[in-house]
Amino acid sequence: MRVRFQVCFIGLAVVLMLGACAPAAEPVGETEEALAVPTAVAIIDTPETDTNTESEPEEAGDEYPWWNDRVFYEIFIRSFYDSDGDGIGDINGLIEKLDYLNDGDPTTDTDLGVTGIWLMPIMPSPSYHGYDVTDYYDINPEYGTLDDFRRLLEEAHKRDIVVIIDLVLNHTSSQHPWFQDAVANPDSPYRDYYRWADEHPGYAGPSGPAWHESDAGHYYGVFWSEMPDLNVENTAVTNELQEITRFWLEEVGVDGFRLDAIKFLVEDGATLENTPATHEWLKDYYDFYKSVNPDAFAVGEVWSASRNVVSYVGDEVDIAFDFELARAKLDSAVSGRNEPIGPTQGRVLDLYPSWQFATFLANHDQNRTRSVLLSDDKVRSAASLQLLFGGVPFIYYGEEIGQQGAKPDENIRLPMQWTETGGFSVDDTAVLWRDYFRDYETRNVAAQLDDPDSILSHYRRLIHLRNAEPALRTGSWQLVASDESTVYAAVRQTDDDTLLIIINLGRNEVDTYALTLDNLGLTVGTAVEIFAGNTAVDAPTLTASGGFENYTPLPLPAYSTFVIRLE
């Protein structure tokens, strides 16, 4: 049974004022890691394990799920484009910008080329970020209507763009009618939708208080007092969440979900994350959403070590974000060295089902990539490390132009910089919900569109090449031995194609390096560069097993990327 409530958002102005006037004091809310992520990049200290640097698809010719052919783009609607001049981004504004993402014509290369969109929360909420939901069956009125959203789906699908939405299963807003009734009425049927205690249980959450006092007793909210956790062990709650899932898949028509904070779903006393009961609940939920639509897709947020993340993949969610892999890419881009990224890629491939993980550089909870790397050249290197590897890539809006921003959270979710005047709103005089980053006059989409050396052009070439080359999406991966620490090299290979990826991560040109990889099975030593344009490449001299030894295909300018087809 679906019950609808009308909600009055008392206190909305207070929440927004806190965000504007005292951002450091405002609870983050969405994830405990948002409070804890450091601003500096540090090399991950990973325990030594046996590392296999070669990964093959399960069987030659196996078909992969549809999401392995997609590149996703994460969008915060509030900050993408304002179509009505109120200073807040909206669904109709996103529709106007779809051709920037993908114009639907596979013969053009002027669009970004993404083929999937992940929308941060779009449901009614008293907070700017939307992770505290008050109505799971509607659209935030600041963003538009359900009809607007259905039109977005129609226009996106015309362009072969799939759309997934954030779905928050772990908690609601404290202003959700379920919680309001549970506090006001001791006999409320919604009392058991949440967790209560007469006395404080005496333990905290990973980043702060987990139990909060109210007139009705202490209630559990692992992230924030205004986000009480749902008791998903209550069958009635599970039924509600399944009905919500069915609504968005069947009645609205989304292609899937990004599931927020799933490691916290079921607690076991003071053990708050990764419990066996959480895994069991998610297995049932997986079976449910696949029964509604076998092609439905769910990517999970499990902010944890890779060995924990992989335990959710396959029969609980389809894929999950790998945070250690993301950090390794940034670490190698910062240091200009091919470690830790190469070994980390090998470990990730050993852990997961073939290519069933999500890759990214930064998201809405982390300092933006350009603000961490402090260099456009290093941003391009990091993008190459992400998009020339396998898995399912996710790109946070604005990363493709090197948009900047550092904590607090509002400052990593600033309006998209479209033109030299900002260009976020249809009305240049509009008072924006949050101002641009200070470099918007020179760092914007318009300034980079026709610049072949821009970050935007680099991203477009990478994405379009990935879309065109199956080997870059699901081909096997082998790390190539390099005698130069600044040179990263790997081979992506299918039965029909062999691509050698070379990235100079360093600030100096390198022309005296040697690459070695055996057992490639090549029979003719020819080489053609397919990423960087008309670039002359020396062909390899093949070994007896069809590989190469001490191969130097071309000089490598600083921070350069090459993709060489070996015939």
# chains A, B, ... in the order shown; residues from 1 in each chain; ligands from 1
$ residues_around --residues "stretch 265-277 of chain A" --least-positions-apart "3" --cutoff "6 Å" --atoms "only C-alpha atoms" --output "list in words"
Asn170, Ile262 and Glu280 of chain A
$ select_by_dssp --residues "stretch 430-567 of chain A" --states "strand (DSSP E)" --output "MDAnalysis selection string"
chainID A and resid 476:479 481:482 487:493 498:504 515:517 527:529 548:551 561:566
$ residues_around --residues "A:Val524" --least-positions-apart "2" --cutoff "8 Å" --atoms "only C-alpha atoms" --output "PyMOL selection string"
chain A and resi 522+526+542+567
$ closest_residue --among "A:Tyr289, A:Tyr312, A:Tyr143, A:Phe562" --to "A:Leu465" --atoms "only C-alpha atoms"
A:Phe562
$ atom_distance --atom1 "atom CA of A:Val183" --atom2 "atom CA of A:Leu169"
20.2 Å
$ residues_around --residues "stretch 442-455 of chain A" --least-positions-apart "3" --cutoff "6 Å" --atoms "only C-alpha atoms" --output "ChimeraX atom specification"
/A:401,417-419,439,458
$ closest_residue --among "A:Glu410, A:Gly300, A:Ser371, A:Ile502" --to "A:Tyr128" --atoms "only C-alpha atoms"
A:Glu410
$ residues_around --residues "A:Ile77" --least-positions-apart "4" --cutoff "9 Å" --atoms "only C-alpha atoms" --output "NGL selection string"
:A and (81-82 or 88-91 or 93-94 or 119-122 or 143)
$ residues_around --residues "A:Gly547" --least-positions-apart "5" --cutoff "10 Å" --atoms "only C-alpha atoms" --output "number ranges by chain"
A: 516-523, 525, 540-542
$ write_last_selection --atoms "C-alpha atoms" --output "CSV table (one decimal), in the first residue's frame"
chain,number,residue,atom,x,y,z
A,516,THR,CA,58.4,-5.4,-22.3
A,517,LEU,CA,55.4,-7.8,-22.4
A,518,ASP,CA,55.5,-11.4,-23.5
A,519,ASN,CA,52.8,-13.8,-24.7
A,520,LEU,CA,50.6,-11.4,-26.6
A,521,GLY,CA,50.1,-13.8,-29.5
A,522,LEU,CA,50.8,-11.2,-32.2
A,523,THR,CA,52.0,-12.4,-35.6
A,525,GLY,CA,54.6,-6.2,-36.0
A,540,PRO,CA,57.6,-3.6,-32.4
A,541,THR,CA,60.0,-6.4,-33.1
A,542,LEU,CA,58.0,-9.5,-32.0
$ residues_around --residues "stretch 318-327 of chain A" --least-positions-apart "3" --cutoff "7 Å" --atoms "only C-alpha atoms" --output "ChimeraX atom specification"
/A:297-306,309,313-314,330-331,344-345,356-361
$ write_last_selection --atoms "N, CA, C and O atoms" --output "PDB file, in the first residue's frame"
ATOM      1  N   PHE A 297      19.397  -1.705 -13.248  1.00  0.00           N
ATOM      2  CA  PHE A 297      20.803  -1.598 -12.868  1.00  0.00           C
ATOM      3  C   PHE A 297      20.906  -0.880 -11.541  1.00  0.00           C
ATOM      4  O   PHE A 297      20.232   0.130 -11.304  1.00  0.00           O
ATOM      5  N   ALA A 298      21.751  -1.395 -10.648  1.00  0.00           N
ATOM      6  CA  ALA A 298      22.009  -0.713  -9.379  1.00  0.00           C
ATOM      7  C   ALA A 298      23.505  -0.697  -9.114  1.00  0.00           C
ATOM      8  O   ALA A 298      24.174  -1.727  -9.166  1.00  0.00           O
ATOM      9  N   VAL A 299      24.013   0.502  -8.821  1.00  0.00           N
ATOM     10  CA  VAL A 299      25.405   0.665  -8.412  1.00  0.00           C
ATOM     11  C   VAL A 299      25.393   1.108  -6.957  1.00  0.00           C
ATOM     12  O   VAL A 299      24.658   2.018  -6.575  1.00  0.00           O
ATOM     13  N   GLY A 300      26.176   0.432  -6.131  1.00  0.00           N
ATOM     14  CA  GLY A 300      26.142   0.697  -4.708  1.00  0.00           C
ATOM     15  C   GLY A 300      27.281   1.563  -4.229  1.00  0.00           C
ATOM     16  O   GLY A 300      28.403   1.494  -4.749  1.00  0.00           O
ATOM     17  N   GLU A 301      26.995   2.376  -3.223  1.00  0.00           N
ATOM     18  CA  GLU A 301      28.038   3.126  -2.532  1.00  0.00           C
ATOM     19  C   GLU A 301      28.431   2.357  -1.275  1.00  0.00           C
ATOM     20  O   GLU A 301      27.649   2.252  -0.326  1.00  0.00           O
ATOM     21  N   VAL A 302      29.634   1.794  -1.305  1.00  0.00           N
ATOM     22  CA  VAL A 302      30.211   1.118  -0.146  1.00  0.00           C
ATOM     23  C   VAL A 302      31.590   1.735   0.047  1.00  0.00           C
ATOM     24  O   VAL A 302      32.579   1.278  -0.514  1.00  0.00           O
ATOM     25  N   TRP A 303      31.644   2.798   0.836  1.00  0.00           N
ATOM     26  CA  TRP A 303      32.914   3.519   0.996  1.00  0.00           C
ATOM     27  C   TRP A 303      33.771   2.730   1.969  1.00  0.00           C
ATOM     28  O   TRP A 303      33.690   2.884   3.194  1.00  0.00           O
ATOM     29  N   SER A 304      34.605   1.857   1.423  1.00  0.00           N
ATOM     30  CA  SER A 304      35.363   0.932   2.248  1.00  0.00           C
ATOM     31  C   SER A 304      36.510   0.366   1.417  1.00  0.00           C
ATOM     32  O   SER A 304      36.672   0.705   0.246  1.00  0.00           O
ATOM     33  N   ALA A 305      37.306  -0.494   2.034  1.00  0.00           N
ATOM     34  CA  ALA A 305      38.376  -1.172   1.317  1.00  0.00           C
ATOM     35  C   ALA A 305      37.783  -2.075   0.237  1.00  0.00           C
ATOM     36  O   ALA A 305      36.674  -2.590   0.370  1.00  0.00           O
ATOM     37  N   SER A 306      38.542  -2.275  -0.818  1.00  0.00           N
ATOM     38  CA  SER A 306      38.047  -3.064  -1.958  1.00  0.00           C
ATOM     39  C   SER A 306      37.578  -4.445  -1.529  1.00  0.00           C
ATOM     40  O   SER A 306      36.579  -4.955  -2.051  1.00  0.00           O
ATOM     41  N   VAL A 309      34.130  -3.995  -0.400  1.00  0.00           N
ATOM     42  CA  VAL A 309      33.225  -3.564  -1.469  1.00  0.00           C
ATOM     43  C   VAL A 309      32.787  -4.750  -2.316  1.00  0.00           C
ATOM     44  O   VAL A 309      31.599  -4.905  -2.649  1.00  0.00           O
ATOM     45  N   VAL A 313      28.923  -7.200  -4.520  1.00  0.00           N
ATOM     46  CA  VAL A 313      28.754  -7.185  -5.978  1.00  0.00           C
ATOM     47  C   VAL A 313      28.318  -8.549  -6.494  1.00  0.00           C
ATOM     48  O   VAL A 313      28.889  -9.574  -6.127  1.00  0.00           O
ATOM     49  N   GLY A 314      27.313  -8.533  -7.352  1.00  0.00           N
ATOM     50  CA  GLY A 314      26.907  -9.742  -8.062  1.00  0.00           C
ATOM     51  C   GLY A 314      25.522 -10.212  -7.712  1.00  0.00           C
ATOM     52  O   GLY A 314      24.702 -10.442  -8.596  1.00  0.00           O
ATOM     53  N   LEU A 330      44.623   9.081  -8.422  1.00  0.00           N
ATOM     54  CA  LEU A 330      45.041  10.415  -8.007  1.00  0.00           C
ATOM     55  C   LEU A 330      46.465  10.407  -7.467  1.00  0.00           C
ATOM     56  O   LEU A 330      47.250  11.327  -7.740  1.00  0.00           O
ATOM     57  N   ASP A 331      46.804   9.368  -6.726  1.00  0.00           N
ATOM     58  CA  ASP A 331      48.158   9.283  -6.180  1.00  0.00           C
ATOM     59  C   ASP A 331      49.203   9.227  -7.290  1.00  0.00           C
ATOM     60  O   ASP A 331      50.249   9.886  -7.223  1.00  0.00           O
ATOM     61  N   THR A 344      47.560  -1.560  -8.182  1.00  0.00           N
ATOM     62  CA  THR A 344      46.195  -1.483  -7.658  1.00  0.00           C
ATOM     63  C   THR A 344      45.194  -1.999  -8.678  1.00  0.00           C
ATOM     64  O   THR A 344      44.233  -2.706  -8.337  1.00  0.00           O
ATOM     65  N   GLN A 345      45.378  -1.642  -9.952  1.00  0.00           N
ATOM     66  CA  GLN A 345      44.500  -2.177 -10.986  1.00  0.00           C
ATOM     67  C   GLN A 345      44.537  -3.706 -10.997  1.00  0.00           C
ATOM     68  O   GLN A 345      43.500  -4.364 -11.113  1.00  0.00           O
ATOM     69  N   GLN A 356      33.189  -5.830 -13.238  1.00  0.00           N
ATOM     70  CA  GLN A 356      31.957  -5.432 -12.559  1.00  0.00           C
ATOM     71  C   GLN A 356      32.255  -4.542 -11.352  1.00  0.00           C
ATOM     72  O   GLN A 356      32.069  -4.919 -10.192  1.00  0.00           O
ATOM     73  N   PHE A 357      32.754  -3.360 -11.648  1.00  0.00           N
ATOM     74  CA  PHE A 357      32.980  -2.337 -10.636  1.00  0.00           C
ATOM     75  C   PHE A 357      32.894  -0.983 -11.318  1.00  0.00           C
ATOM     76  O   PHE A 357      33.009  -0.869 -12.539  1.00  0.00           O
ATOM     77  N   ALA A 358      32.660   0.055 -10.514  1.00  0.00           N
ATOM     78  CA  ALA A 358      32.549   1.417 -11.035  1.00  0.00           C
ATOM     79  C   ALA A 358      33.825   2.174 -10.741  1.00  0.00           C
ATOM     80  O   ALA A 358      34.387   2.077  -9.645  1.00  0.00           O
ATOM     81  N   THR A 359      34.293   2.941 -11.749  1.00  0.00           N
ATOM     82  CA  THR A 359      35.491   3.755 -11.583  1.00  0.00           C
ATOM     83  C   THR A 359      35.109   5.232 -11.539  1.00  0.00           C
ATOM     84  O   THR A 359      34.115   5.647 -12.139  1.00  0.00           O
ATOM     85  N   PHE A 360      35.912   6.026 -10.842  1.00  0.00           N
ATOM     86  CA  PHE A 360      35.677   7.462 -10.745  1.00  0.00           C
ATOM     87  C   PHE A 360      36.950   8.122 -10.250  1.00  0.00           C
ATOM     88  O   PHE A 360      37.887   7.447  -9.818  1.00  0.00           O
ATOM     89  N   LEU A 361      36.980   9.443 -10.314  1.00  0.00           N
ATOM     90  CA  LEU A 361      38.086  10.213  -9.743  1.00  0.00           C
ATOM     91  C   LEU A 361      37.647  10.961  -8.497  1.00  0.00           C
ATOM     92  O   LEU A 361      38.378  11.061  -7.519  1.00  0.00           O
TER      93      LEU A 361
END
$ closest_residue --among "A:Glu226, A:Val563, A:Tyr352, A:Leu515" --to "A:Asn534" --atoms "only C-alpha atoms"
A:Val563
$ atom_distance --atom1 "atom CA of A:Lys283" --atom2 "atom CA of A:Gly221"
23.4 Å
$ atom_distance --atom1 "atom CA of A:Ala333" --atom2 "atom CA of A:Asp497"
27.8 Å
$ closest_residue --among "A:Arg473, A:Arg434, A:Arg565, A:Arg507" --to "A:Asn68" --atoms "only C-alpha atoms"
A:Arg473
$ closest_residue --among "A:Gly205, A:Phe247, A:Pro228, A:Asn239" --to "A:Leu167" --atoms "only C-alpha atoms"
A:Phe247
$ closest_residue --among "A:Ala430, A:Val168, A:Ala328, A:Ala539" --to "A:Asp132" --atoms "only C-alpha atoms"
A:Val168
